[in-house]
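Dropping target.cif in here (mmCIF, C-alpha atoms):
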```cif
data_my_file
loop_
_atom_site.label_atom_id
_atom_site.label_comp_id
_atom_site.auth_asym_id
_atom_site.auth_seq_id
_atom_site.Cartn_x
_atom_site.Cartn_y
_atom_site.Cartn_z
CA MET A 4 11.42 30.07 -31.01
CA SER A 5 10.43 27.69 -28.20
CA ALA A 6 12.85 26.94 -25.39
CA ALA A 7 13.38 23.39 -26.71
CA ALA A 8 14.06 24.65 -30.22
CA ASP A 9 16.52 27.19 -28.83
CA VAL A 10 18.53 24.47 -27.07
CA ALA A 11 18.63 22.40 -30.25
CA ALA A 12 19.75 25.43 -32.25
CA ARG A 13 22.55 26.10 -29.76
CA ALA A 14 23.76 22.50 -30.01
CA THR A 15 23.81 22.74 -33.80
CA ALA A 16 25.63 26.07 -33.72
CA GLY A 17 28.20 24.62 -31.34
CA PHE A 18 28.73 21.64 -33.61
CA ARG A 19 29.27 23.86 -36.65
CA GLN A 20 31.65 26.15 -34.82
CA ARG A 21 33.68 23.33 -33.27
CA TYR A 22 33.76 20.86 -36.16
CA GLY A 23 33.10 22.95 -39.25
CA GLY A 24 30.27 20.86 -40.66
CA GLU A 25 26.73 19.68 -40.11
CA PRO A 26 25.71 17.07 -37.53
CA ALA A 27 24.14 13.82 -38.71
CA GLY A 28 21.31 14.42 -36.26
CA ARG A 29 20.25 15.84 -32.93
CA TRP A 30 19.12 13.79 -29.96
CA ALA A 31 17.46 15.10 -26.81
CA ALA A 32 16.77 13.87 -23.30
CA PRO A 33 14.93 15.66 -20.48
CA GLY A 34 15.66 16.42 -16.90
CA ARG A 35 13.37 14.85 -14.37
CA VAL A 36 11.64 15.67 -11.12
CA ASN A 37 10.71 12.98 -8.63
CA LEU A 38 7.12 13.40 -7.55
CA ILE A 39 7.66 11.13 -4.54
CA GLY A 40 9.98 8.32 -3.48
CA GLU A 41 13.31 9.71 -2.29
CA HIS A 42 16.29 7.46 -1.47
CA THR A 43 14.10 4.43 -2.07
CA ASP A 44 15.64 3.52 -5.43
CA TYR A 45 18.90 2.04 -4.16
CA ASN A 46 16.88 0.22 -1.49
CA ASP A 47 15.10 -1.78 -4.23
CA GLY A 48 11.96 0.24 -3.58
CA PHE A 49 9.46 2.34 -5.48
CA VAL A 50 9.72 5.77 -7.10
CA LEU A 51 7.38 8.03 -9.06
CA PRO A 52 9.31 10.53 -11.21
CA PHE A 53 8.26 12.33 -14.36
CA ALA A 54 10.24 13.81 -17.22
CA LEU A 55 10.50 17.58 -17.56
CA PRO A 56 10.16 19.79 -20.62
CA LEU A 57 13.72 20.99 -19.91
CA ARG A 58 16.10 19.34 -22.38
CA THR A 59 19.70 18.43 -23.05
CA VAL A 60 20.44 18.20 -26.78
CA VAL A 61 23.38 16.44 -28.41
CA ALA A 62 24.25 17.24 -32.02
CA ALA A 63 26.49 14.47 -33.29
CA ALA A 64 28.14 12.79 -36.25
CA VAL A 65 30.41 9.77 -36.74
CA ALA A 66 34.18 10.39 -36.55
CA ASP A 67 36.17 8.13 -38.83
CA ASP A 68 39.25 8.09 -36.57
CA GLY A 69 37.47 5.98 -33.93
CA ARG A 70 37.89 8.63 -31.23
CA TRP A 71 35.41 10.83 -29.41
CA SER A 72 35.41 14.60 -29.22
CA VAL A 73 32.82 16.40 -27.12
CA TRP A 74 32.11 20.10 -26.68
CA SER A 75 29.68 21.63 -24.21
CA GLU A 76 28.38 25.16 -24.05
CA LEU A 77 29.14 25.05 -20.32
CA ASP A 78 32.87 24.70 -21.02
CA ASP A 79 34.20 25.98 -24.32
CA GLU A 80 37.25 23.71 -24.14
CA PRO A 81 36.42 20.45 -25.95
CA VAL A 82 37.44 17.10 -24.48
CA GLU A 83 38.89 14.36 -26.67
CA PHE A 84 39.50 10.75 -25.75
CA GLY A 85 40.13 7.40 -27.38
CA PRO A 86 39.43 3.77 -26.52
CA ALA A 87 42.21 3.61 -23.91
CA GLU A 88 40.73 6.49 -21.90
CA ALA A 89 37.17 5.27 -22.39
CA ASP A 90 38.03 1.78 -21.18
CA GLU A 91 39.53 2.89 -17.88
CA PRO A 92 37.18 4.57 -15.40
CA GLY A 93 38.68 7.75 -14.06
CA ARG A 94 40.78 8.61 -17.12
CA VAL A 95 38.20 11.19 -18.24
CA ASP A 96 36.86 13.41 -15.47
CA GLY A 97 34.61 16.41 -14.98
CA TRP A 98 31.44 16.80 -17.04
CA ALA A 99 32.95 14.81 -19.93
CA ALA A 100 33.09 11.72 -17.70
CA TYR A 101 29.34 11.28 -18.26
CA VAL A 102 30.00 11.02 -22.00
CA ALA A 103 33.02 8.75 -21.63
CA GLY A 104 31.04 6.63 -19.16
CA VAL A 105 28.38 5.93 -21.77
CA VAL A 106 31.06 4.91 -24.27
CA TRP A 107 32.63 2.68 -21.61
CA ALA A 108 29.33 1.05 -20.67
CA LEU A 109 28.44 0.34 -24.29
CA ARG A 110 31.87 -1.15 -25.01
CA ALA A 111 31.80 -3.20 -21.80
CA ALA A 112 28.45 -4.64 -22.94
CA GLY A 113 30.07 -5.79 -26.18
CA HIS A 114 28.88 -3.07 -28.55
CA ALA A 115 31.06 -1.64 -31.31
CA VAL A 116 30.72 2.04 -30.45
CA PRO A 117 31.52 4.41 -33.32
CA GLY A 118 33.89 7.30 -32.83
CA ALA A 119 31.89 10.50 -32.77
CA ARG A 120 31.97 14.26 -32.65
CA LEU A 121 29.42 15.65 -30.22
CA ALA A 122 28.21 19.11 -29.20
CA ILE A 123 26.00 19.53 -26.13
CA ALA A 124 23.60 22.30 -25.14
CA SER A 125 21.11 22.20 -22.28
CA ASP A 126 18.52 24.11 -20.30
CA VAL A 127 18.51 21.53 -17.48
CA PRO A 128 20.10 23.44 -14.58
CA VAL A 129 23.29 21.84 -13.27
CA GLY A 130 23.40 21.04 -9.56
CA SER A 131 19.71 21.66 -8.92
CA GLY A 132 18.62 18.06 -8.41
CA LEU A 133 16.80 17.82 -11.76
CA SER A 134 19.15 15.14 -13.08
CA SER A 135 21.26 17.03 -15.59
CA SER A 136 23.75 14.14 -15.53
CA ALA A 137 21.18 11.52 -16.57
CA ALA A 138 19.98 13.86 -19.32
CA ILE A 139 23.50 13.99 -20.77
CA GLU A 140 23.90 10.22 -20.49
CA ALA A 141 20.58 9.49 -22.17
CA ALA A 142 21.04 11.97 -25.02
CA VAL A 143 24.56 10.71 -25.73
CA LEU A 144 23.40 7.11 -25.51
CA ALA A 145 20.56 7.73 -27.96
CA ALA A 146 22.99 9.38 -30.37
CA LEU A 147 25.64 6.65 -30.21
CA VAL A 148 23.12 3.80 -30.49
CA GLU A 149 21.67 5.27 -33.68
CA LEU A 150 24.96 6.45 -35.19
CA GLY A 151 26.43 2.98 -34.68
CA GLY A 152 23.31 1.03 -35.62
CA LEU A 153 23.66 -0.80 -32.30
CA ASP A 154 21.27 -3.58 -31.34
CA LEU A 155 20.19 -2.16 -27.99
CA PRO A 156 16.45 -1.95 -27.24
CA ALA A 157 15.40 1.16 -25.33
CA ASP A 158 14.23 -0.83 -22.32
CA ARG A 159 17.87 -1.76 -21.68
CA TRP A 160 19.13 1.83 -21.84
CA PRO A 161 18.42 2.84 -18.22
CA ARG A 162 20.55 0.09 -16.67
CA LEU A 163 23.40 0.80 -19.06
CA ALA A 164 23.29 4.54 -18.35
CA GLN A 165 23.23 3.81 -14.63
CA ARG A 166 26.37 1.68 -15.01
CA ALA A 167 28.06 4.64 -16.69
CA GLU A 168 27.29 6.86 -13.71
CA ASN A 169 28.02 4.27 -11.02
CA ASP A 170 31.11 2.57 -12.37
CA TYR A 171 32.78 5.15 -14.60
CA VAL A 172 31.84 8.46 -12.99
CA GLY A 173 31.73 6.93 -9.51
CA ALA A 174 28.37 8.35 -8.37
CA PRO A 175 26.38 5.72 -6.40
CA THR A 176 22.96 6.56 -7.86
CA GLY A 177 20.01 4.22 -8.30
CA ILE A 178 18.23 3.61 -11.59
CA MET A 179 15.43 6.13 -11.15
CA ASP A 180 16.99 9.09 -12.96
CA GLN A 181 17.95 7.18 -16.07
CA SER A 182 14.58 5.44 -16.22
CA ALA A 183 12.66 8.70 -15.97
CA VAL A 184 14.63 10.59 -18.62
CA ILE A 185 14.53 7.67 -21.05
CA ARG A 186 11.05 6.24 -20.51
CA GLY A 187 8.99 9.30 -19.49
CA ARG A 188 5.80 10.15 -21.39
CA PRO A 189 3.71 13.35 -21.60
CA GLY A 190 0.85 13.50 -19.12
CA HIS A 191 2.18 10.63 -17.03
CA ALA A 192 4.38 9.84 -14.07
CA LEU A 193 6.60 6.77 -14.21
CA PHE A 194 5.89 4.23 -11.47
CA LEU A 195 9.10 2.23 -11.23
CA ASP A 196 9.82 -0.87 -9.16
CA CYS A 197 13.56 -0.50 -8.75
CA ARG A 198 14.05 -4.18 -8.00
CA THR A 199 12.27 -5.68 -10.98
CA GLU A 200 12.57 -2.58 -13.20
CA ALA A 201 8.88 -3.00 -14.01
CA VAL A 202 7.39 0.27 -15.23
CA GLU A 203 3.81 1.51 -15.23
CA LEU A 204 2.79 4.84 -16.72
CA ILE A 205 0.44 6.51 -14.24
CA PRO A 206 -1.94 9.21 -15.50
CA PHE A 207 -0.86 12.59 -14.17
CA ASP A 208 -2.71 15.10 -16.33
CA LEU A 209 -2.18 18.25 -14.33
CA GLY A 210 -3.49 20.55 -17.04
CA ALA A 211 -6.87 18.83 -17.25
CA ALA A 212 -7.24 19.16 -13.48
CA GLY A 213 -6.33 22.86 -13.46
CA LEU A 214 -3.16 22.10 -11.55
CA ALA A 215 0.57 22.56 -12.00
CA VAL A 216 3.76 21.52 -10.30
CA LEU A 217 5.78 24.52 -9.23
CA VAL A 218 9.48 23.68 -9.19
CA ILE A 219 11.47 25.93 -6.86
CA ASP A 220 15.24 25.98 -7.34
CA SER A 221 16.47 26.74 -3.83
CA HIS A 222 19.80 28.07 -5.11
CA ALA A 223 21.24 26.62 -1.93
CA PRO A 224 24.84 25.50 -2.38
CA HIS A 225 25.11 21.73 -2.10
CA ARG A 226 26.61 21.02 1.30
CA HIS A 227 28.68 17.82 1.33
CA ALA A 228 26.06 16.26 -0.93
CA ASP A 229 28.20 13.52 -2.48
CA GLY A 230 29.67 12.24 0.78
CA GLU A 231 26.38 12.46 2.62
CA TYR A 232 24.51 10.64 -0.16
CA ALA A 233 27.02 7.80 -0.01
CA ALA A 234 26.78 7.73 3.79
CA ARG A 235 22.99 7.39 3.65
CA ARG A 236 23.29 4.54 1.18
CA LYS A 237 25.83 2.68 3.32
CA SER A 238 23.65 3.15 6.39
CA CYS A 239 20.69 1.59 4.58
CA GLU A 240 22.81 -1.33 3.39
CA ARG A 241 24.10 -1.97 6.92
CA ALA A 242 20.56 -1.84 8.29
CA ALA A 243 19.29 -4.32 5.70
CA LYS A 244 22.10 -6.70 6.61
CA ALA A 245 21.34 -6.35 10.31
CA LEU A 246 17.66 -7.10 9.64
CA GLY A 247 18.46 -10.10 7.44
CA VAL A 248 16.77 -8.76 4.32
CA ALA A 249 18.10 -8.19 0.83
CA ALA A 250 17.08 -4.53 0.93
CA LEU A 251 14.94 -2.24 3.05
CA ARG A 252 12.16 -2.62 0.51
CA ASP A 253 11.57 -6.02 2.12
CA VAL A 254 10.56 -4.51 5.48
CA ALA A 255 6.76 -4.29 5.40
CA THR A 256 5.08 -1.25 6.90
CA GLY A 257 3.28 -3.46 9.40
CA ASP A 258 6.59 -4.94 10.55
CA LEU A 259 8.38 -1.60 10.86
CA GLU A 260 8.19 -1.14 14.63
CA ALA A 261 9.48 -4.65 15.27
CA ALA A 262 12.29 -4.09 12.80
CA LEU A 263 13.29 -0.80 14.41
CA ALA A 264 13.44 -2.47 17.81
CA ARG A 265 16.13 -4.80 16.47
CA LEU A 266 18.47 -1.97 15.47
CA ASP A 267 21.11 -0.66 17.86
CA ASP A 268 21.21 3.08 17.30
CA ALA A 269 18.69 5.87 16.88
CA GLU A 270 20.21 7.26 13.68
CA THR A 271 19.90 3.95 11.84
CA ARG A 272 16.33 3.58 13.05
CA ARG A 273 15.49 6.98 11.62
CA ARG A 274 17.03 6.09 8.25
CA VAL A 275 15.06 2.84 8.05
CA ARG A 276 11.81 4.51 9.09
CA HIS A 277 12.15 7.02 6.26
CA VAL A 278 12.75 4.39 3.57
CA VAL A 279 9.97 2.05 4.67
CA THR A 280 7.37 4.79 5.09
CA GLU A 281 8.46 6.51 1.88
CA ASP A 282 7.88 3.32 -0.10
CA GLN A 283 4.36 3.18 1.31
CA ARG A 284 3.78 6.82 0.43
CA VAL A 285 4.71 6.06 -3.19
CA LEU A 286 2.22 3.19 -3.30
CA ASP A 287 -0.50 5.35 -1.74
CA THR A 288 0.19 8.17 -4.22
CA VAL A 289 -0.08 5.76 -7.15
CA GLU A 290 -3.45 4.52 -5.94
CA LEU A 291 -4.78 8.07 -5.66
CA LEU A 292 -3.55 8.99 -9.13
CA ARG A 293 -5.08 5.85 -10.63
CA ALA A 294 -8.37 7.09 -9.17
CA GLY A 295 -7.84 10.56 -10.66
CA ARG A 296 -7.53 12.18 -7.22
CA ILE A 297 -4.52 14.39 -7.94
CA ARG A 298 -5.19 17.04 -5.27
CA ASP A 299 -5.41 14.36 -2.61
CA ILE A 300 -1.75 13.42 -2.99
CA GLY A 301 -0.76 16.74 -1.39
CA PRO A 302 -0.55 15.49 2.22
CA LEU A 303 1.61 12.57 1.09
CA LEU A 304 4.07 14.97 -0.54
CA THR A 305 4.26 17.03 2.63
CA ALA A 306 4.68 13.94 4.82
CA SER A 307 7.52 12.85 2.54
CA HIS A 308 9.28 16.15 3.15
CA ALA A 309 8.89 15.86 6.92
CA SER A 310 10.41 12.39 6.77
CA MET A 311 13.37 13.62 4.71
CA ARG A 312 13.87 16.49 7.13
CA ASP A 313 13.51 14.62 10.41
CA ASP A 314 14.41 10.98 9.73
CA PHE A 315 16.77 11.05 6.75
CA GLU A 316 18.15 14.49 7.65
CA ILE A 317 18.93 15.65 4.11
CA THR A 318 17.24 19.05 3.92
CA VAL A 319 18.77 22.51 4.46
CA PRO A 320 17.21 25.78 5.71
CA GLU A 321 16.53 27.16 2.22
CA ILE A 322 14.68 23.97 1.27
CA ASP A 323 12.59 23.90 4.45
CA THR A 324 11.73 27.59 4.04
CA ALA A 325 10.50 27.01 0.49
CA VAL A 326 8.27 24.12 1.58
CA GLU A 327 6.82 26.04 4.53
CA ALA A 328 6.15 29.16 2.47
CA ALA A 329 4.53 27.23 -0.38
CA LEU A 330 2.19 25.42 2.01
CA ALA A 331 1.28 28.65 3.80
CA ALA A 332 0.44 30.19 0.41
CA GLY A 333 -2.03 27.45 -0.44
CA ALA A 334 -0.07 24.62 -2.06
CA TYR A 335 -1.78 21.25 -1.69
CA GLY A 336 1.54 19.68 -0.79
CA ALA A 337 5.25 20.39 -1.10
CA ARG A 338 8.49 18.48 -0.71
CA MET A 339 12.14 18.53 -1.53
CA THR A 340 13.01 16.50 -4.60
CA GLY A 341 16.38 14.96 -5.38
CA GLY A 342 19.24 13.64 -3.30
CA GLY A 343 19.21 16.44 -0.76
CA PHE A 344 21.46 19.08 0.82
CA GLY A 345 20.29 21.67 -1.70
CA GLY A 346 18.50 21.40 -5.02
CA CYS A 347 14.79 21.87 -5.68
CA VAL A 348 11.40 21.79 -4.04
CA LEU A 349 8.19 20.87 -5.83
CA ALA A 350 4.77 22.16 -4.84
CA LEU A 351 1.40 20.95 -6.13
CA VAL A 352 -0.65 24.09 -6.80
CA ASP A 353 -3.67 25.35 -8.66
CA ALA A 354 -2.35 26.55 -12.00
CA ASP A 355 -3.81 30.02 -11.54
CA ALA A 356 -2.19 30.30 -8.09
CA ALA A 357 1.35 29.37 -9.17
CA ASP A 358 2.55 32.97 -9.42
CA ALA A 359 1.20 33.84 -5.99
CA VAL A 360 2.87 30.80 -4.41
CA ALA A 361 6.15 31.63 -6.15
CA ALA A 362 5.94 35.20 -4.85
CA ALA A 363 5.32 33.96 -1.32
CA VAL A 364 8.40 31.74 -1.47
CA ALA A 365 10.50 34.63 -2.81
CA ALA A 366 9.27 36.87 0.02
CA ALA A 367 10.15 34.23 2.62
CA TYR A 368 13.63 33.94 1.13
CA ALA A 369 14.09 37.69 1.26
CA ASP A 370 13.03 37.73 4.92
CA ARG A 371 15.67 35.10 5.72
CA GLY A 372 18.40 36.78 3.67
CA PHE A 373 18.68 33.86 1.24
CA THR A 374 19.62 34.17 -2.44
CA ALA A 375 16.42 34.59 -4.44
CA PRO A 376 14.99 31.25 -5.62
CA GLY A 377 14.23 30.32 -9.20
CA THR A 378 10.71 29.11 -10.00
CA ARG A 379 8.96 27.53 -12.96
CA THR A 380 5.80 25.53 -13.52
CA VAL A 381 6.13 22.20 -15.27
CA LEU A 382 4.00 19.45 -16.77
CA PRO A 383 5.12 15.87 -17.48
CA ALA A 384 7.01 15.56 -20.77
CA GLY A 385 8.45 12.83 -23.00
CA GLY A 386 11.72 10.94 -22.68
CA ALA A 387 14.85 10.61 -24.79
CA THR A 388 14.28 10.92 -28.54
CA ARG A 389 15.80 11.90 -31.84
CA LEU A 390 14.76 15.40 -32.86
CA ASP A 391 15.59 15.16 -36.57
#
```
Encoded form using structure tokens:
Amino acid sequence: MSAAADVAARATAGFRQRYGGEPAGRWAAPGRVNLIGEHTDYNDGFVLPFALPLRTVVAAAVADDGRWSVWSELDDEPVEFGPAEADEPGRVDGWAAYVAGVVWALRAAGHAVPGARLAIASDVPVGSGLSSSAAIEAAVLAALVELGGLDLPADRWPRLAQRAENDYVGAPTGIMDQSAVIRGRPGHALFLDCRTEAVELIPFDLGAAGLAVLVIDSHAPHRHADGEYAARRKSCERAAKALGVAALRDVATGDLEAALARLDDAETRRRVRHVVTEDQRVLDTVELLRAGRIRDIGPLLTASHASMRDDFEITVPEIDTAVEAALAAGAYGARMTGGGFGGCVLALVDADAADAVAAAVAAAYADRGFTAPGTRTVLPAGGATRLD
């Protein structure tokens, strides 16, 4: 049984055990990794994520009582809520808030959301920066849209799922995660303009080029991640206001030095420099991939990491060690991916060298006394879908 089939089987088994019947269907959504473009999304900038083969699966059926019951293999205690709880952000908390948030967002948009029984299984690691929350939101959204026969085209799903996370859960994320897990396609990265929400699928056929992306789970505990993420966002918003622009995306690379000279403190200047240069790195990466020059994006990935480390200050020692060890072992480029303060690193490697690079990272961790990292190679996968 494949890993994806195993997750689906676990969701079905959980549904049967919890509800004593068969689900009407199973819906899946992937995790995602961001190839490049970190903390640019909420600055109206550019990102280049791709969907992972790791999946969250929701087995679901309509509940005639108009309420929602959700079980997850991560927490054997099911959570039940009705319209009153769904309509008031904060009434449902913990992991189930991502489910209630989708119900809330759909109802707030005027959709008649059916009551449902849901069972969730996943192989997207929680807390690793691979967007397990967006995977839950997208899989639940796909299930509820189909179960209710809702008139909601898929190109509107990312914004609705983002509203669930921002306004119900209270996490100030941009739209990148939801876009990647909903609109991803095999063999492609998703070039997203976060202002216009325009999407272009960029060829990223690693297998044909003899390459792979090695994802390294740092196993570093997230250190003040939520508060620091919000602080970085507020700093960017203050800087944009001070510069008289709608968002930092509007500061052109050629105007960066003049813009920095107008800002009062060194920390804000560093934050702005990261966002503006990171947007340019995304655009440069896209141009190289359009030309089929996958290996040549390596230095851009590494420069992105240096910017996150030095200007945005969101890396931790485990993350920096993984990047340094991967590069020393022959990776074409490596960078942290995700919001920061823990999570994962990605390294662009020759497929036949992935094991050697992973071993080098593990050895570097052992030398530093860190918890052993997790590693896996990945290729771009498809987005949210019904399985059966």
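Residues matched by the PyMOL selection byres ((chain A and resi 26) around 10) in this file are Ala14, Thr15, Ala16, Phe18, Arg19, Tyr22, Gly23, Gly24, Glu25, Ala27, Gly28, Arg29, Val61, Ala62, Ala63, Ala64, Val65, Arg120, Leu121 and Ala122 of chain A.
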(message) Under the PyMOL selection byres ((chain A and resi 180-194) around 7), which residues of this model are included? Write them out as an MDAnalysis selection string.
(response) chainID A and resid 32:35 50:54 134 137:138 141 161 164:165 178:179 195:196 202:208 383:387
(request) Select, from A:Asp323, A:Glu76, A:Asp158, A:Asp67, the residue with the minimum atom-to-atom distance to Ala12 in chain A, counting only C-alpha atoms. (result)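 Looking only at the distances to Ala12 in chain A, the closest residue turns out to be A:Glu76.
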(request) Tell me, as a list of chain:residue names, which residues lie within 6 Å of range 250-263 of chain A, counting all atoms listed in the file; anything in the same chain fewer than 2 positions away does not count. (result)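 Surrounding residues, per the criterion: A:Asn46, A:Asp47, A:Gly48, A:Ala243, A:Val248, A:Arg265, A:Leu266, A:Arg272.
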(message) So, with all atoms listed in the file as the atoms that count, which of A:Gly40, A:Gly69, A:Gly118, A:Gly342 lies closest to Glu231 in chain A?
(response) A:Gly342
